[in-house]
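One structure is given below, encoded as structure tokens.
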Amino acid sequence: MTNDVLIIGGGVIGLAIAVELKLRGAKVIVTSRDFHAAATHAAAGMLAPDAENISNQAMQDLCWRSRSIYADWTHKLEQLTGCNTGYWPCGILAPVFSEEEREIGRNISPHHPITPSSSTTYWLDKETIHQYQPSLGQEVTGGWWYPEDAQVDNRALAKALLSAAQSLGVELKEGIAVEGILQQQRQVVGVRTNAGILRAEHYVLATGAWTNQLFPLPVRPAKGQMLSVRVPEAITQLPLTRILFGQDVYIVPKRNRRIIIGATIEDVGFTPQNTPAGVQTLLQAAIRLYPQIQDYPIEELWWGFRPATPDELPILGNSPCQNLTLATGHYRNGILLAPVTATLIADLIWEQKSDPLLSHFHYSRFQNKSSTSSVMLTHPLPAFPDQGQVNSLTLKSEAFPEKSFAPNPDTPLIIAGKTFTSRLMTGTGKYRSIEEMQQSVVESGCQIVTVAVRRVQTKAPGHEGLAEALDWTKIWMLPNTAGCQTAEEAIRVARLGREMAKLLGQEDNNFVKLEVIPDPKYLLPDPIGTLQAAEQLVKEGFAVLPYINADPMLAKRLEEVGCATVMPLASPIGSGQGLKTTANIQIIIENANVPVVVDAGIGSPSEAAQAMEMGADALLINSAIALAKNPPLMARAMNMAAVAGRIAYLAGRMPIKDYASASSPVTGTITS
């Protein structure tokens, strides 16, 4: 039993779980940037497991179970709050336009499998369907009738859930943006937000389409455009009283004379706004299905982002962290699955009771694919496992063709809420040519490249054309304040760096590598100036990555003021002396709740691997690559060293002994 639960995400899933846990006696906190901006508000409210013709048996069972409890669930909410949820068991009609569609079971899109799956599904011929629902398009030749499907007013439901949470005493934190999940030893120890760190005994990730920004799960936004029309007041009786589920469109009538038309399915990331093409597509399909809708006035246009997974099934249940539960990836069925998700997740957290159905929606289904390689390691080695490979580095050998090595229990690097799959960062300075730098960045497999703002701004030698030399749609820029000797200078240059990132298309980039270095000989950072600048930049919304001496007390203080990482030097910058501060770096690693990036002084891949073996979260290496005889080849070596060191750290080295220990047993040997 866990009494203290923090739920990240204030959509219908997060709020439904919060209400269920609170009713069972838990202390619950819900964080949300904006409770009224969740995907819940952009839905149509269909409860349509039969009309959707879901082919996956486990998903079908999950949806049917949720639909079966929906009436009681919404009734309970209405009694608790006095809010009408708009639950309406209106049934769904799925018209078809040809006999071919009837024969293959309304195979109208890749999202709809080909056979009706419910025993309460009926076929209506042309005459019957036009009598049952007048004013359908003349091309309609018949259709399927799903009497058990229903609908709810999604916006009214969201309002009722929010009201229920408030009345029950759930602590609602609105305007809170979670920037990262703090983890130690496979435990969540807190979440970093724009208002500080929040902590609880247990955490639930219910952030929908934004999940991948906080945790390495294959959830992507699937944009959907929608619109509504209004039945004119002159029409006294509602002309449409059941949902029409047609080819590439659905039409959902509401009792308040509003009719919702939806929805496009677009893989365009988080691109906002309605488009003429999207709206036109919906209107053309809707008018073909129900022609008189063309005479109704348009009331509203909007869009939303569904959380889609590769198999279009949700991710529910346990996570790689022992005190983090997942409830995300509901794609087109978030409204439908809210009550059953709330029940299953509450059972899991409150009673440690895992319903067998949850096993079908475990995150590990995306991570169990074995490598098809027949050699131990292929070349070139990729950057550290990508989001589809996390926890599944399964390297095979010819000696064990049917076996795979133990899964790698790692997760990608998360800095200020942004996920990176490479743990090697590189720089752009000291290269002999732009071309050499470009090749080295590619070979390194890095996703973060640091850029000296002052040198780019002034077009210093070696930096001309640097901003245009890299593809900033694939690489995250880390502007740095190199050359700044005071806190004031660093703050000013950091602001310039943020604007530079915006000009290069990274509108949401608030990262800055903070360097305050008044010492011209040894280039050692100023601890006081660094702390002063960090405090101010954090207040201004920067994700601050401070370059520091390997000082454990300073590292802890910088973490406390809100820095996104700490970056202790291994030895003086550009010296290539290697790891000279291992004892202090080890202390920093053991005590940090933010990523530790070893920066400066690494000279060889062996030293890079050693730093990662110590438990560093990442490396920043510039000079050792740029000044090598063959920089691109050295970049590749550093990439491989970072991967090897990280895996070695996760594997855990053998203990060091003062005496020998035979590798082979001495019992059972041949004796003379």
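Residues in the structure tokens are numbered from 1 in each chain, the chains being A, B, ... in the order shown, and ligands are numbered from 1 in the order shown.
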* Secondary structure check, strand (DSSP E or B) residues of region 258-381 of chain A, as an NGL selection string -> :A and (258-262 or 266 or 298-308 or 315-318 or 324-328)
* Asked: Any idea what's packed within 8 Å of region 122-131 of chain A, counting only C-alpha atoms, ignoring anything in its chain fewer than 5 positions away? Could you give it as a list of chain:residue names?
  -> A:Leu136, A:Val140, A:Thr141, A:Gly142, A:Gly143, A:Trp144, A:Trp145, A:Tyr146
Preceding selection exported with N, CA, C and O atoms as a compact mmCIF listing (two decimals), in the first residue's frame:
# COMPACT_ATOMS: atom_id res chain seq x y z
N LEU A 136 -29.23 10.11 -44.79
CA LEU A 136 -27.89 9.62 -45.14
C LEU A 136 -27.65 9.85 -46.62
O LEU A 136 -28.58 10.00 -47.42
N VAL A 140 -24.93 5.48 -49.75
CA VAL A 140 -24.90 4.49 -48.67
C VAL A 140 -25.74 3.28 -49.08
O VAL A 140 -26.93 3.40 -49.39
N THR A 141 -25.12 2.11 -49.09
CA THR A 141 -25.80 0.87 -49.52
C THR A 141 -26.18 -0.04 -48.36
O THR A 141 -26.77 -1.10 -48.57
N GLY A 142 -25.84 0.34 -47.18
CA GLY A 142 -26.12 -0.47 -46.00
C GLY A 142 -25.15 -0.07 -44.89
O GLY A 142 -24.45 0.96 -45.00
N GLY A 143 -25.11 -0.86 -43.84
CA GLY A 143 -24.17 -0.52 -42.77
C GLY A 143 -24.29 -1.43 -41.58
O GLY A 143 -25.22 -2.24 -41.46
N TRP A 144 -23.31 -1.32 -40.72
CA TRP A 144 -23.29 -2.09 -39.48
C TRP A 144 -23.87 -1.25 -38.35
O TRP A 144 -23.66 -0.05 -38.26
N TRP A 145 -24.60 -1.94 -37.47
CA TRP A 145 -25.21 -1.28 -36.31
C TRP A 145 -24.60 -1.88 -35.05
O TRP A 145 -24.60 -3.08 -34.85
N TYR A 146 -24.02 -0.99 -34.21
CA TYR A 146 -23.37 -1.41 -32.97
C TYR A 146 -24.15 -0.81 -31.79
O TYR A 146 -23.85 0.29 -31.33
* Asked: Can you tell me, as a ChimeraX atom specification, what residues are no more than 12 Å from Ala583 (chain A) when counting only C-alpha atoms, ignoring any on the same chain fewer than 5 positions away?
  -> /A:550-552,568,570,588-590,611,614
* To do: Find the distance between CA of Val178 (chain A) and CA of Gly196 (chain A) and write it in Å to one decimal.
  =>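 Computing it gives 9.3 Å between the two atoms.
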* Taking the DSSP assignment computed from this structure's backbone, write out as a ChimeraX atom specification all residues of region 18-253 of chain A that belong to alpha helix (DSSP H). => /A:18-23,57-81,99-103,126-132,154-168
* To do: Could you tell me which of A:Val442, A:Gly529, A:Ala651, A:Gly603 comes closest to Pro632 (chain A) if we count only C-alpha atoms?
  =>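 With only C-alpha atoms as the atom set, the closest residue is A:Val442.
What separates CA of Ala26 (chain A) from CA of Asn3 (chain A) is a distance of 4.5 Å.
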* Selection near His360 (chain A), 12 Å with only C-alpha atoms, sequence-local residues under 2 positions removed, as a ChimeraX atom specification -> /A:56-62,311,313-318,354-358,362-366
* Computed interatomic separation between CA of Pro595 (chain A) and CA of Lys418 (chain A) (Å) -> 12.1 Å
* Near-region 151-168 of chain A list (10 Å; only C-alpha atoms; drop same-chain fewer than 6 positions) as a count of residues only -> 58
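By only C-alpha atoms, and with residues fewer than 5 positions from Pro479 (chain A) along its chain excluded, the set lying at most 6 Å from it is Thr450, Val451, Val453, Gly497 and Val512 of chain A.
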For the residues selected in the previous step, produce a file with C-alpha atoms as an mmCIF file, in the first residue's frame.
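Generated file (again15.cif):
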data_model
loop_
_atom_site.group_PDB
_atom_site.id
_atom_site.type_symbol
_atom_site.label_atom_id
_atom_site.label_comp_id
_atom_site.auth_asym_id
_atom_site.auth_seq_id
_atom_site.Cartn_x
_atom_site.Cartn_y
_atom_site.Cartn_z
ATOM 1 C CA THR A 450 28.379 22.766 -27.749
ATOM 2 C CA VAL A 451 29.024 26.047 -29.566
ATOM 3 C CA VAL A 453 28.427 31.942 -28.666
ATOM 4 C CA GLY A 497 23.004 32.021 -27.076
ATOM 5 C CA VAL A 512 23.363 26.859 -21.814
#
* Would you kindly return, as a ChimeraX atom specification, each protein, DNA or RNA residue with an atom no farther than 12 Å from any atom of Lys474 (chain A), considering only C-alpha atoms and excluding same-chain residues fewer than 5 positions away? => /A:420,441-442,445-449,504-506
Give me a file of those residues, with all heavy atoms, as a PDB file, in the first residue's frame.
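To be explicit, this is the file written out as selection.pdb:
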ATOM      1  N   PHE A 420      17.965  12.109 -24.584  1.00  0.00           N
ATOM      2  CA  PHE A 420      19.057  11.900 -25.524  1.00  0.00           C
ATOM      3  C   PHE A 420      19.494  10.441 -25.447  1.00  0.00           C
ATOM      4  O   PHE A 420      19.565   9.865 -24.358  1.00  0.00           O
ATOM      5  CB  PHE A 420      20.236  12.814 -25.201  1.00  0.00           C
ATOM      6  CG  PHE A 420      19.890  14.280 -25.216  1.00  0.00           C
ATOM      7  CD1 PHE A 420      19.567  14.934 -24.035  1.00  0.00           C
ATOM      8  CD2 PHE A 420      19.841  14.991 -26.402  1.00  0.00           C
ATOM      9  CE1 PHE A 420      19.221  16.278 -24.031  1.00  0.00           C
ATOM     10  CE2 PHE A 420      19.501  16.339 -26.415  1.00  0.00           C
ATOM     11  CZ  PHE A 420      19.193  16.980 -25.224  1.00  0.00           C
ATOM     12  N   VAL A 441      31.607  15.017 -35.990  1.00  0.00           N
ATOM     13  CA  VAL A 441      30.314  15.037 -35.302  1.00  0.00           C
ATOM     14  C   VAL A 441      29.474  13.832 -35.724  1.00  0.00           C
ATOM     15  O   VAL A 441      28.860  13.149 -34.892  1.00  0.00           O
ATOM     16  CB  VAL A 441      29.568  16.357 -35.585  1.00  0.00           C
ATOM     17  CG1 VAL A 441      28.112  16.276 -35.112  1.00  0.00           C
ATOM     18  CG2 VAL A 441      30.269  17.521 -34.895  1.00  0.00           C
ATOM     19  N   VAL A 442      29.477  13.532 -37.007  1.00  0.00           N
ATOM     20  CA  VAL A 442      28.722  12.377 -37.499  1.00  0.00           C
ATOM     21  C   VAL A 442      29.269  11.084 -36.912  1.00  0.00           C
ATOM     22  O   VAL A 442      28.523  10.233 -36.407  1.00  0.00           O
ATOM     23  CB  VAL A 442      28.752  12.329 -39.039  1.00  0.00           C
ATOM     24  CG1 VAL A 442      28.160  11.013 -39.541  1.00  0.00           C
ATOM     25  CG2 VAL A 442      27.987  13.504 -39.626  1.00  0.00           C
ATOM     26  N   GLY A 445      28.436  10.095 -33.256  1.00  0.00           N
ATOM     27  CA  GLY A 445      27.089   9.668 -32.897  1.00  0.00           C
ATOM     28  C   GLY A 445      26.433  10.563 -31.871  1.00  0.00           C
ATOM     29  O   GLY A 445      25.402  10.210 -31.299  1.00  0.00           O
ATOM     30  N   CYS A 446      27.007  11.741 -31.621  1.00  0.00           N
ATOM     31  CA  CYS A 446      26.488  12.609 -30.557  1.00  0.00           C
ATOM     32  C   CYS A 446      25.182  13.263 -30.984  1.00  0.00           C
ATOM     33  O   CYS A 446      24.873  13.396 -32.174  1.00  0.00           O
ATOM     34  CB  CYS A 446      27.515  13.672 -30.183  1.00  0.00           C
ATOM     35  SG  CYS A 446      27.738  14.929 -31.460  1.00  0.00           S
ATOM     36  N   GLN A 447      24.419  13.700 -30.000  1.00  0.00           N
ATOM     37  CA  GLN A 447      23.188  14.444 -30.253  1.00  0.00           C
ATOM     38  C   GLN A 447      23.250  15.855 -29.696  1.00  0.00           C
ATOM     39  O   GLN A 447      22.363  16.663 -29.955  1.00  0.00           O
ATOM     40  CB  GLN A 447      22.000  13.702 -29.635  1.00  0.00           C
ATOM     41  CG  GLN A 447      21.711  12.374 -30.295  1.00  0.00           C
ATOM     42  CD  GLN A 447      20.643  11.607 -29.560  1.00  0.00           C
ATOM     43  OE1 GLN A 447      20.788  11.265 -28.383  1.00  0.00           O
ATOM     44  NE2 GLN A 447      19.541  11.331 -30.226  1.00  0.00           N
ATOM     45  N   ILE A 448      24.278  16.143 -28.908  1.00  0.00           N
ATOM     46  CA  ILE A 448      24.469  17.481 -28.341  1.00  0.00           C
ATOM     47  C   ILE A 448      25.829  17.989 -28.774  1.00  0.00           C
ATOM     48  O   ILE A 448      26.844  17.308 -28.587  1.00  0.00           O
ATOM     49  CB  ILE A 448      24.394  17.457 -26.801  1.00  0.00           C
ATOM     50  CG1 ILE A 448      23.023  16.953 -26.327  1.00  0.00           C
ATOM     51  CG2 ILE A 448      24.664  18.849 -26.236  1.00  0.00           C
ATOM     52  CD1 ILE A 448      22.912  16.827 -24.821  1.00  0.00           C
ATOM     53  N   VAL A 449      25.859  19.179 -29.348  1.00  0.00           N
ATOM     54  CA  VAL A 449      27.110  19.814 -29.745  1.00  0.00           C
ATOM     55  C   VAL A 449      27.164  21.194 -29.110  1.00  0.00           C
ATOM     56  O   VAL A 449      26.229  21.987 -29.249  1.00  0.00           O
ATOM     57  CB  VAL A 449      27.224  19.937 -31.280  1.00  0.00           C
ATOM     58  CG1 VAL A 449      28.424  20.787 -31.665  1.00  0.00           C
ATOM     59  CG2 VAL A 449      27.351  18.558 -31.912  1.00  0.00           C
ATOM     60  N   LEU A 504      18.250  29.489 -35.355  1.00  0.00           N
ATOM     61  CA  LEU A 504      18.588  28.272 -36.088  1.00  0.00           C
ATOM     62  C   LEU A 504      17.483  27.222 -36.013  1.00  0.00           C
ATOM     63  O   LEU A 504      17.695  26.065 -36.354  1.00  0.00           O
ATOM     64  CB  LEU A 504      19.903  27.701 -35.557  1.00  0.00           C
ATOM     65  CG  LEU A 504      21.126  28.595 -35.816  1.00  0.00           C
ATOM     66  CD1 LEU A 504      22.357  28.034 -35.141  1.00  0.00           C
ATOM     67  CD2 LEU A 504      21.379  28.745 -37.314  1.00  0.00           C
ATOM     68  N   GLY A 505      16.301  27.639 -35.540  1.00  0.00           N
ATOM     69  CA  GLY A 505      15.133  26.770 -35.575  1.00  0.00           C
ATOM     70  C   GLY A 505      14.813  26.034 -34.296  1.00  0.00           C
ATOM     71  O   GLY A 505      13.819  25.315 -34.236  1.00  0.00           O
ATOM     72  N   GLN A 506      15.632  26.186 -33.247  1.00  0.00           N
ATOM     73  CA  GLN A 506      15.363  25.496 -31.984  1.00  0.00           C
ATOM     74  C   GLN A 506      14.661  26.459 -31.026  1.00  0.00           C
ATOM     75  O   GLN A 506      15.258  26.995 -30.093  1.00  0.00           O
ATOM     76  CB  GLN A 506      16.661  24.941 -31.407  1.00  0.00           C
ATOM     77  CG  GLN A 506      17.297  23.893 -32.309  1.00  0.00           C
ATOM     78  CD  GLN A 506      18.523  23.227 -31.710  1.00  0.00           C
ATOM     79  OE1 GLN A 506      18.900  23.484 -30.566  1.00  0.00           O
ATOM     80  NE2 GLN A 506      19.156  22.360 -32.483  1.00  0.00           N
TER      81      GLN A 506
END
* To do: Determine the nearest neighbour of Tyr649 (chain A) from the options A:Ala285, A:Met612, A:Leu619, A:Ile7, counting only C-alpha atoms.
  => A:Met612
